[in-house]
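A.B. asks: Sharing a structure with you now.
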Amino acid sequence: MISSFETDKLPQGYYKKVGTVLQRRDSSGEGQSLLLFLRDMGPIWVSAPASKTKCRFGGAIEPLVWAEFDLYQSPARLYLQGAEVKEDFISLRCSAEKLKSALRLYKRLSKTLMVGHESNNILILLWSSMLLIKENCPVDIVEYRFTWKLLKEAGLAPSLQYCVNCGSKLDSGARWTNDGLICASCSGTNKEDLDADALKSLRFAALLNHDKFIEWTGSQEKSSLYTDELKKLVTFFTDMD
Ligand SMILES: [Zn+2]
């Protein structure tokens with residue numbers, strides 16, 4: 001849970017890292033504190049002094065923008081010294097649906113990630129999800145995919161292949177329990193929540209590689225399946241809101 005500015009300090013010196021801004025906080029008169037999510041460093045708080053904020057960093061410290069950040073660790077603090085925009089995802093700002101969806105991904109990470117822990121797999125997941133939104137993939141499916149993969153990284157994702165109760169393959173259909181999906185025989189007389197087709201779609205959404213996913217979503221009809229399943233998935237986070 002990200003709640004503190006206190007982290008183990010880096011050795012004094014200069015650093016250059018690619019990443020994105022997860023959160024910004026204005027500290028009165030002193031400029032801004034930025035929670036950057038950086039390659040090899042994970043999420044890390046940096047100070048962007050007020051006098052330099054506007055002219056030096058321009059659009060690079062806007063939310064959703066990806067940049068290469070120049071940092072300096074002084075004996076006291078980690079400072080942002082410069083930034084070069086790599087991808088501004090400007091097209092997302094022209095669509096309220098895409099923008100809101102991307103912001104939800106960022107918000108989820110702000111709540112889930114640990115400051116100071118390298119999380120390159122999750123940084124790549126965020127980058128890939130942003131590209132999928134930019135590529136016009138349906139945002140409900142992208143959010144479902146992102147959330148399942150994020151849970152997977154944390155070791156918390158419910159299996160889409162095997163019954164959580166008896167371990168047999170989920171082929172014909174499945175039912176939700178608090179622990180995960182259970183198979184038809186473990187469900188007894190209770191009605192299934194997901195039929196075989198729905199299960200297959202959920203597996204594709206979560207497991208197809210980036211390019212295959214783009215191709216597959218092109219053939220998907222609008223359905224409430226993914227938003228319904230997303231509501232189930234978020235209950236598997238340990239920091240439930
Ligand atoms: Zn079972």
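Note on naming: chains are A, B, ... as they come in the structure tokens, residues start from 1 per chain, ligands start from 1 in the order shown.
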Write out as an NGL selection string the residues lying within 9 Å of region 18-32 of chain A, counting only C-alpha atoms and excluding same-chain residues fewer than 2 positions away.

C.D. replies: :A and (16 or 34-39 or 42-43 or 46-53 or 60-69 or 86 or 106-107 or 109-110 or 123)

A.B. asks: Mind listing the residues within 12 Å of ligand 1, only C-alpha atoms and all ligand atoms counted, as a PDB file with all heavy atoms, in the first residue's frame?

C.D. replies:
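Writing the result to result_13.pdb gives the following:
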```
ATOM      1  N   GLN A 161      -8.711 -22.203 -15.547  1.00  0.00           N
ATOM      2  CA  GLN A 161      -8.553 -23.528 -16.159  1.00  0.00           C
ATOM      3  C   GLN A 161      -9.012 -24.662 -15.247  1.00  0.00           C
ATOM      4  O   GLN A 161      -9.514 -25.663 -15.717  1.00  0.00           O
ATOM      5  CB  GLN A 161      -7.078 -23.802 -16.475  1.00  0.00           C
ATOM      6  CG  GLN A 161      -6.308 -22.605 -16.984  1.00  0.00           C
ATOM      7  CD  GLN A 161      -6.056 -22.695 -18.465  1.00  0.00           C
ATOM      8  OE1 GLN A 161      -6.852 -23.295 -19.183  1.00  0.00           O
ATOM      9  NE2 GLN A 161      -4.976 -22.106 -18.929  1.00  0.00           N
ATOM     10  N   TYR A 162      -8.770 -24.502 -13.943  1.00  0.00           N
ATOM     11  CA  TYR A 162      -8.996 -25.623 -13.030  1.00  0.00           C
ATOM     12  C   TYR A 162      -9.923 -25.242 -11.876  1.00  0.00           C
ATOM     13  O   TYR A 162      -9.886 -24.112 -11.382  1.00  0.00           O
ATOM     14  CB  TYR A 162      -7.661 -26.119 -12.459  1.00  0.00           C
ATOM     15  CG  TYR A 162      -6.703 -26.577 -13.525  1.00  0.00           C
ATOM     16  CD1 TYR A 162      -5.641 -25.770 -13.919  1.00  0.00           C
ATOM     17  CD2 TYR A 162      -6.892 -27.801 -14.170  1.00  0.00           C
ATOM     18  CE1 TYR A 162      -4.775 -26.178 -14.928  1.00  0.00           C
ATOM     19  CE2 TYR A 162      -6.032 -28.218 -15.176  1.00  0.00           C
ATOM     20  CZ  TYR A 162      -4.973 -27.399 -15.554  1.00  0.00           C
ATOM     21  OH  TYR A 162      -4.129 -27.800 -16.553  1.00  0.00           O
ATOM     22  N   CYS A 163     -10.722 -26.211 -11.465  1.00  0.00           N
ATOM     23  CA  CYS A 163     -11.641 -26.041 -10.334  1.00  0.00           C
ATOM     24  C   CYS A 163     -10.832 -25.797  -9.056  1.00  0.00           C
ATOM     25  O   CYS A 163      -9.898 -26.545  -8.755  1.00  0.00           O
ATOM     26  CB  CYS A 163     -12.486 -27.306 -10.189  1.00  0.00           C
ATOM     27  SG  CYS A 163     -13.481 -27.353  -8.689  1.00  0.00           S
ATOM     28  N   VAL A 164     -11.178 -24.747  -8.315  1.00  0.00           N
ATOM     29  CA  VAL A 164     -10.426 -24.400  -7.109  1.00  0.00           C
ATOM     30  C   VAL A 164     -10.691 -25.420  -5.997  1.00  0.00           C
ATOM     31  O   VAL A 164      -9.920 -25.554  -5.052  1.00  0.00           O
ATOM     32  CB  VAL A 164     -10.766 -22.959  -6.638  1.00  0.00           C
ATOM     33  CG1 VAL A 164     -12.179 -22.873  -6.080  1.00  0.00           C
ATOM     34  CG2 VAL A 164      -9.756 -22.448  -5.622  1.00  0.00           C
ATOM     35  N   ASN A 165     -11.770 -26.177  -6.156  1.00  0.00           N
ATOM     36  CA  ASN A 165     -12.169 -27.138  -5.127  1.00  0.00           C
ATOM     37  C   ASN A 165     -11.532 -28.517  -5.332  1.00  0.00           C
ATOM     38  O   ASN A 165     -10.906 -29.052  -4.426  1.00  0.00           O
ATOM     39  CB  ASN A 165     -13.700 -27.247  -5.124  1.00  0.00           C
ATOM     40  CG  ASN A 165     -14.218 -27.934  -3.889  1.00  0.00           C
ATOM     41  OD1 ASN A 165     -13.679 -27.728  -2.803  1.00  0.00           O
ATOM     42  ND2 ASN A 165     -15.237 -28.753  -4.054  1.00  0.00           N
ATOM     43  N   CYS A 166     -11.676 -29.075  -6.556  1.00  0.00           N
ATOM     44  CA  CYS A 166     -11.204 -30.450  -6.782  1.00  0.00           C
ATOM     45  C   CYS A 166     -10.051 -30.526  -7.773  1.00  0.00           C
ATOM     46  O   CYS A 166      -9.455 -31.589  -7.950  1.00  0.00           O
ATOM     47  CB  CYS A 166     -12.360 -31.339  -7.255  1.00  0.00           C
ATOM     48  SG  CYS A 166     -12.868 -30.998  -8.951  1.00  0.00           S
ATOM     49  N   GLY A 167      -9.717 -29.425  -8.447  1.00  0.00           N
ATOM     50  CA  GLY A 167      -8.571 -29.420  -9.350  1.00  0.00           C
ATOM     51  C   GLY A 167      -8.852 -29.954 -10.746  1.00  0.00           C
ATOM     52  O   GLY A 167      -7.961 -29.969 -11.586  1.00  0.00           O
ATOM     53  N   SER A 168     -10.087 -30.387 -11.003  1.00  0.00           N
ATOM     54  CA  SER A 168     -10.359 -30.903 -12.352  1.00  0.00           C
ATOM     55  C   SER A 168     -10.523 -29.745 -13.335  1.00  0.00           C
ATOM     56  O   SER A 168     -10.773 -28.601 -12.939  1.00  0.00           O
ATOM     57  CB  SER A 168     -11.602 -31.792 -12.351  1.00  0.00           C
ATOM     58  OG  SER A 168     -12.727 -31.024 -12.026  1.00  0.00           O
ATOM     59  N   LYS A 169     -10.374 -30.066 -14.628  1.00  0.00           N
ATOM     60  CA  LYS A 169     -10.426 -29.024 -15.658  1.00  0.00           C
ATOM     61  C   LYS A 169     -11.815 -28.419 -15.761  1.00  0.00           C
ATOM     62  O   LYS A 169     -12.818 -29.124 -15.690  1.00  0.00           O
ATOM     63  CB  LYS A 169     -10.010 -29.611 -17.005  1.00  0.00           C
ATOM     64  CG  LYS A 169      -8.638 -29.102 -17.387  1.00  0.00           C
ATOM     65  CD  LYS A 169      -8.249 -29.361 -18.809  1.00  0.00           C
ATOM     66  CE  LYS A 169      -7.220 -28.314 -19.173  1.00  0.00           C
ATOM     67  NZ  LYS A 169      -7.279 -27.791 -20.467  1.00  0.00           N
ATOM     68  N   LEU A 170     -11.856 -27.091 -15.936  1.00  0.00           N
ATOM     69  CA  LEU A 170     -13.144 -26.416 -16.117  1.00  0.00           C
ATOM     70  C   LEU A 170     -13.474 -26.448 -17.605  1.00  0.00           C
ATOM     71  O   LEU A 170     -12.966 -25.639 -18.367  1.00  0.00           O
ATOM     72  CB  LEU A 170     -13.050 -24.961 -15.639  1.00  0.00           C
ATOM     73  CG  LEU A 170     -12.741 -24.731 -14.161  1.00  0.00           C
ATOM     74  CD1 LEU A 170     -12.475 -23.252 -13.908  1.00  0.00           C
ATOM     75  CD2 LEU A 170     -13.877 -25.217 -13.277  1.00  0.00           C
ATOM     76  N   ASP A 171     -14.292 -27.418 -18.014  1.00  0.00           N
ATOM     77  CA  ASP A 171     -14.597 -27.543 -19.434  1.00  0.00           C
ATOM     78  C   ASP A 171     -16.002 -27.071 -19.770  1.00  0.00           C
ATOM     79  O   ASP A 171     -16.203 -26.183 -20.581  1.00  0.00           O
ATOM     80  CB  ASP A 171     -14.426 -28.998 -19.884  1.00  0.00           C
ATOM     81  CG  ASP A 171     -12.954 -29.348 -20.023  1.00  0.00           C
ATOM     82  OD1 ASP A 171     -12.183 -28.454 -20.402  1.00  0.00           O
ATOM     83  OD2 ASP A 171     -12.596 -30.501 -19.741  1.00  0.00           O
ATOM     84  N   SER A 172     -16.976 -27.685 -19.100  1.00  0.00           N
ATOM     85  CA  SER A 172     -18.362 -27.449 -19.514  1.00  0.00           C
ATOM     86  C   SER A 172     -18.927 -26.152 -18.947  1.00  0.00           C
ATOM     87  O   SER A 172     -19.829 -25.564 -19.521  1.00  0.00           O
ATOM     88  CB  SER A 172     -19.230 -28.628 -19.081  1.00  0.00           C
ATOM     89  OG  SER A 172     -19.078 -28.830 -17.695  1.00  0.00           O
ATOM     90  N   GLY A 173     -18.397 -25.702 -17.826  1.00  0.00           N
ATOM     91  CA  GLY A 173     -18.932 -24.488 -17.221  1.00  0.00           C
ATOM     92  C   GLY A 173     -18.383 -24.344 -15.819  1.00  0.00           C
ATOM     93  O   GLY A 173     -17.643 -25.208 -15.352  1.00  0.00           O
ATOM     94  N   ALA A 174     -18.722 -23.247 -15.160  1.00  0.00           N
ATOM     95  CA  ALA A 174     -18.159 -23.015 -13.827  1.00  0.00           C
ATOM     96  C   ALA A 174     -19.057 -22.103 -13.010  1.00  0.00           C
ATOM     97  O   ALA A 174     -19.890 -21.376 -13.552  1.00  0.00           O
ATOM     98  CB  ALA A 174     -16.775 -22.395 -13.949  1.00  0.00           C
ATOM     99  N   ARG A 175     -18.860 -22.159 -11.716  1.00  0.00           N
ATOM    100  CA  ARG A 175     -19.621 -21.315 -10.807  1.00  0.00           C
ATOM    101  C   ARG A 175     -18.650 -20.595  -9.877  1.00  0.00           C
ATOM    102  O   ARG A 175     -17.635 -21.161  -9.463  1.00  0.00           O
ATOM    103  CB  ARG A 175     -20.570 -22.203  -9.999  1.00  0.00           C
ATOM    104  CG  ARG A 175     -21.608 -21.441  -9.239  1.00  0.00           C
ATOM    105  CD  ARG A 175     -22.653 -22.373  -8.639  1.00  0.00           C
ATOM    106  NE  ARG A 175     -23.122 -21.765  -7.411  1.00  0.00           N
ATOM    107  CZ  ARG A 175     -22.640 -22.052  -6.213  1.00  0.00           C
ATOM    108  NH1 ARG A 175     -21.729 -22.984  -6.060  1.00  0.00           N
ATOM    109  NH2 ARG A 175     -23.088 -21.412  -5.156  1.00  0.00           N
ATOM    110  N   TRP A 176     -18.963 -19.329  -9.568  1.00  0.00           N
ATOM    111  CA  TRP A 176     -18.111 -18.543  -8.686  1.00  0.00           C
ATOM    112  C   TRP A 176     -18.338 -18.893  -7.220  1.00  0.00           C
ATOM    113  O   TRP A 176     -19.479 -19.045  -6.790  1.00  0.00           O
ATOM    114  CB  TRP A 176     -18.393 -17.044  -8.856  1.00  0.00           C
ATOM    115  CG  TRP A 176     -17.606 -16.415  -9.957  1.00  0.00           C
ATOM    116  CD1 TRP A 176     -18.081 -15.998 -11.160  1.00  0.00           C
ATOM    117  CD2 TRP A 176     -16.204 -16.134  -9.954  1.00  0.00           C
ATOM    118  NE1 TRP A 176     -17.064 -15.484 -11.916  1.00  0.00           N
ATOM    119  CE2 TRP A 176     -15.900 -15.550 -11.199  1.00  0.00           C
ATOM    120  CE3 TRP A 176     -15.168 -16.324  -9.035  1.00  0.00           C
ATOM    121  CZ2 TRP A 176     -14.613 -15.154 -11.549  1.00  0.00           C
ATOM    122  CZ3 TRP A 176     -13.886 -15.933  -9.381  1.00  0.00           C
ATOM    123  CH2 TRP A 176     -13.623 -15.351 -10.619  1.00  0.00           C
ATOM    124  N   THR A 177     -17.248 -19.021  -6.477  1.00  0.00           N
ATOM    125  CA  THR A 177     -17.327 -19.029  -5.011  1.00  0.00           C
ATOM    126  C   THR A 177     -16.357 -17.952  -4.539  1.00  0.00           C
ATOM    127  O   THR A 177     -15.632 -17.376  -5.351  1.00  0.00           O
ATOM    128  CB  THR A 177     -16.874 -20.383  -4.421  1.00  0.00           C
ATOM    129  OG1 THR A 177     -15.461 -20.522  -4.646  1.00  0.00           O
ATOM    130  CG2 THR A 177     -17.608 -21.550  -5.051  1.00  0.00           C
ATOM    131  N   GLY A 180     -12.853 -18.883  -5.723  1.00  0.00           N
ATOM    132  CA  GLY A 180     -12.548 -18.973  -7.148  1.00  0.00           C
ATOM    133  C   GLY A 180     -13.633 -19.744  -7.871  1.00  0.00           C
ATOM    134  O   GLY A 180     -14.740 -19.917  -7.346  1.00  0.00           O
ATOM    135  N   LEU A 181     -13.294 -20.227  -9.073  1.00  0.00           N
ATOM    136  CA  LEU A 181     -14.277 -20.935  -9.892  1.00  0.00           C
ATOM    137  C   LEU A 181     -14.299 -22.421  -9.547  1.00  0.00           C
ATOM    138  O   LEU A 181     -13.242 -23.035  -9.351  1.00  0.00           O
ATOM    139  CB  LEU A 181     -13.930 -20.758 -11.373  1.00  0.00           C
ATOM    140  CG  LEU A 181     -14.119 -19.337 -11.918  1.00  0.00           C
ATOM    141  CD1 LEU A 181     -13.456 -19.206 -13.291  1.00  0.00           C
ATOM    142  CD2 LEU A 181     -15.593 -18.964 -11.995  1.00  0.00           C
ATOM    143  N   ILE A 182     -15.505 -22.979  -9.476  1.00  0.00           N
ATOM    144  CA  ILE A 182     -15.620 -24.420  -9.237  1.00  0.00           C
ATOM    145  C   ILE A 182     -16.338 -25.084 -10.415  1.00  0.00           C
ATOM    146  O   ILE A 182     -17.099 -24.445 -11.145  1.00  0.00           O
ATOM    147  CB  ILE A 182     -16.341 -24.753  -7.906  1.00  0.00           C
ATOM    148  CG1 ILE A 182     -17.751 -24.155  -7.865  1.00  0.00           C
ATOM    149  CG2 ILE A 182     -15.510 -24.270  -6.719  1.00  0.00           C
ATOM    150  CD1 ILE A 182     -18.565 -24.624  -6.676  1.00  0.00           C
ATOM    151  N   CYS A 183     -16.057 -26.384 -10.580  1.00  0.00           N
ATOM    152  CA  CYS A 183     -16.567 -27.120 -11.740  1.00  0.00           C
ATOM    153  C   CYS A 183     -18.032 -27.523 -11.535  1.00  0.00           C
ATOM    154  O   CYS A 183     -18.590 -27.350 -10.452  1.00  0.00           O
ATOM    155  CB  CYS A 183     -15.711 -28.354 -11.987  1.00  0.00           C
ATOM    156  SG  CYS A 183     -15.881 -29.612 -10.717  1.00  0.00           S
ATOM    157  N   ALA A 184     -18.612 -28.092 -12.591  1.00  0.00           N
ATOM    158  CA  ALA A 184     -20.028 -28.457 -12.559  1.00  0.00           C
ATOM    159  C   ALA A 184     -20.314 -29.497 -11.477  1.00  0.00           C
ATOM    160  O   ALA A 184     -21.316 -29.394 -10.759  1.00  0.00           O
ATOM    161  CB  ALA A 184     -20.458 -28.976 -13.927  1.00  0.00           C
ATOM    162  N   SER A 185     -19.424 -30.490 -11.313  1.00  0.00           N
ATOM    163  CA  SER A 185     -19.742 -31.528 -10.325  1.00  0.00           C
ATOM    164  C   SER A 185     -19.619 -30.993  -8.900  1.00  0.00           C
ATOM    165  O   SER A 185     -20.378 -31.394  -8.020  1.00  0.00           O
ATOM    166  CB  SER A 185     -18.898 -32.792 -10.537  1.00  0.00           C
ATOM    167  OG  SER A 185     -17.549 -32.474 -10.619  1.00  0.00           O
ATOM    168  N   CYS A 186     -18.689 -30.057  -8.654  1.00  0.00           N
ATOM    169  CA  CYS A 186     -18.604 -29.449  -7.319  1.00  0.00           C
ATOM    170  C   CYS A 186     -19.771 -28.492  -7.062  1.00  0.00           C
ATOM    171  O   CYS A 186     -20.106 -28.217  -5.909  1.00  0.00           O
ATOM    172  CB  CYS A 186     -17.284 -28.704  -7.146  1.00  0.00           C
ATOM    173  SG  CYS A 186     -15.853 -29.787  -7.029  1.00  0.00           S
ATOM    174  N   SER A 187     -20.378 -27.972  -8.140  1.00  0.00           N
ATOM    175  CA  SER A 187     -21.503 -27.034  -7.979  1.00  0.00           C
ATOM    176  C   SER A 187     -22.774 -27.751  -7.556  1.00  0.00           C
ATOM    177  O   SER A 187     -23.703 -27.111  -7.052  1.00  0.00           O
ATOM    178  CB  SER A 187     -21.797 -26.307  -9.295  1.00  0.00           C
ATOM    179  OG  SER A 187     -20.661 -25.698  -9.789  1.00  0.00           O
ATOM    180  N   GLY A 188     -22.832 -29.081  -7.787  1.00  0.00           N
ATOM    181  CA  GLY A 188     -24.036 -29.832  -7.452  1.00  0.00           C
ATOM    182  C   GLY A 188     -25.225 -29.321  -8.236  1.00  0.00           C
ATOM    183  O   GLY A 188     -25.139 -29.126  -9.449  1.00  0.00           O
TER     184      GLY A 188
END
```

A.B. asks: As a PyMOL selection string, please: every residue in region 19-199 of chain A that DSSP puts in alpha helix (DSSP H).

C.D. replies: chain A and resi 50-57+96-112+120-134+139-153+184-187+196-199

A.B. asks: With only C-alpha atoms as the basis for distance, which of A:Thr189, A:Leu225, A:Tyr144, A:Phe89 is at the shortest distance from Ala157 (chain A)?

C.D. replies: A:Tyr144

A.B. asks: What's the 8 Å shell around His210 (chain A), counting only C-alpha atoms, without same-chain residues fewer than 2 positions away, as a PDB file with N, CA, C and O atoms, in the first residue's frame?

C.D. replies:
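Listed below is the output, out_23.pdb:
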```
ATOM      1  N   SER A 128       1.642  -2.270 -22.041  1.00  0.00           N
ATOM      2  CA  SER A 128       0.911  -3.058 -23.033  1.00  0.00           C
ATOM      3  C   SER A 128      -0.591  -2.738 -22.991  1.00  0.00           C
ATOM      4  O   SER A 128      -1.244  -2.611 -24.026  1.00  0.00           O
ATOM      5  N   LEU A 132      -3.073  -1.210 -25.912  1.00  0.00           N
ATOM      6  CA  LEU A 132      -4.315  -1.866 -26.341  1.00  0.00           C
ATOM      7  C   LEU A 132      -5.478  -0.872 -26.361  1.00  0.00           C
ATOM      8  O   LEU A 132      -6.312  -0.898 -27.269  1.00  0.00           O
ATOM      9  N   LEU A 208      -4.264 -14.628 -24.224  1.00  0.00           N
ATOM     10  CA  LEU A 208      -3.709 -14.432 -25.573  1.00  0.00           C
ATOM     11  C   LEU A 208      -2.564 -13.426 -25.522  1.00  0.00           C
ATOM     12  O   LEU A 208      -2.584 -12.504 -24.703  1.00  0.00           O
ATOM     13  N   LYS A 212      -2.290 -11.241 -30.795  1.00  0.00           N
ATOM     14  CA  LYS A 212      -3.451 -12.121 -30.972  1.00  0.00           C
ATOM     15  C   LYS A 212      -4.670 -11.527 -30.276  1.00  0.00           C
ATOM     16  O   LYS A 212      -5.800 -11.654 -30.748  1.00  0.00           O
ATOM     17  N   PHE A 213      -4.438 -10.888 -29.137  1.00  0.00           N
ATOM     18  CA  PHE A 213      -5.532 -10.261 -28.390  1.00  0.00           C
ATOM     19  C   PHE A 213      -6.194  -9.169 -29.232  1.00  0.00           C
ATOM     20  O   PHE A 213      -7.416  -9.091 -29.320  1.00  0.00           O
ATOM     21  N   ILE A 214      -5.377  -8.339 -29.872  1.00  0.00           N
ATOM     22  CA  ILE A 214      -5.920  -7.254 -30.709  1.00  0.00           C
ATOM     23  C   ILE A 214      -6.789  -7.844 -31.821  1.00  0.00           C
ATOM     24  O   ILE A 214      -7.913  -7.395 -32.072  1.00  0.00           O
TER      25      ILE A 214
END
```

A.B. asks: Between A:Leu103, A:Ile44, A:Leu125, A:Leu194, which one has atoms that come closest to Arg145 (chain A), using only C-alpha atoms?

C.D. replies: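 The shortest atom-to-atom distance to Arg145 (chain A) comes from A:Leu125.
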
A.B. asks: Which distance in Å separates CA of Gln12 (chain A) and CA of Tyr72 (chain A), to one decimal?

C.D. replies: 7.4 Å

A.B. asks: Determine which residues of region 16-76 of chain A receive a DSSP assignment of strand (DSSP E), computed from the backbone, and state them as a PyMOL selection string.

C.D. replies: chain A and resi 16-27+31-38+42-49+66-73

A.B. asks: Using only C-alpha atoms for the distances, tell me which of A:Lys191, A:Ser219, A:Thr147, A:Asp211 is nearest to Thr235 (chain A).

C.D. replies: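 Answer, going by the shortest atom-to-atom distance: A:Thr147.
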
A.B. asks: Just checking: using only C-alpha atoms, which residue out of A:Ala96, A:Ile141, A:Ala76, A:Met114 ends up closest to Asp228 (chain A)?

C.D. replies: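 Counting only C-alpha atoms, the residue closest to Asp228 (chain A) is A:Ile141.
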
A.B. asks: Skipping near chain neighbours, those fewer than 2 positions away, what residues fall within 8 Å of region 73-75 of chain A using only C-alpha atoms, listed as an NGL selection string?

C.D. replies: :A and (9-15 or 71 or 77-79)

A.B. asks: Please determine, counting only C-alpha atoms, which residue among A:Asp140, A:Glu84, A:Asp40, A:Glu135 has the shortest atom-to-atom distance to Glu221 (chain A).

C.D. replies: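 Result for the nearest residue to Glu221 (chain A): A:Asp140.
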
A.B. asks: Using only C-alpha atoms, which of the listed residues (A:Glu229, A:Glu143, A:Asp88, A:Glu118) sits closest to Pro158 (chain A)?

C.D. replies: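 Residue with the minimum atom-to-atom distance to Pro158 (chain A): A:Glu229.
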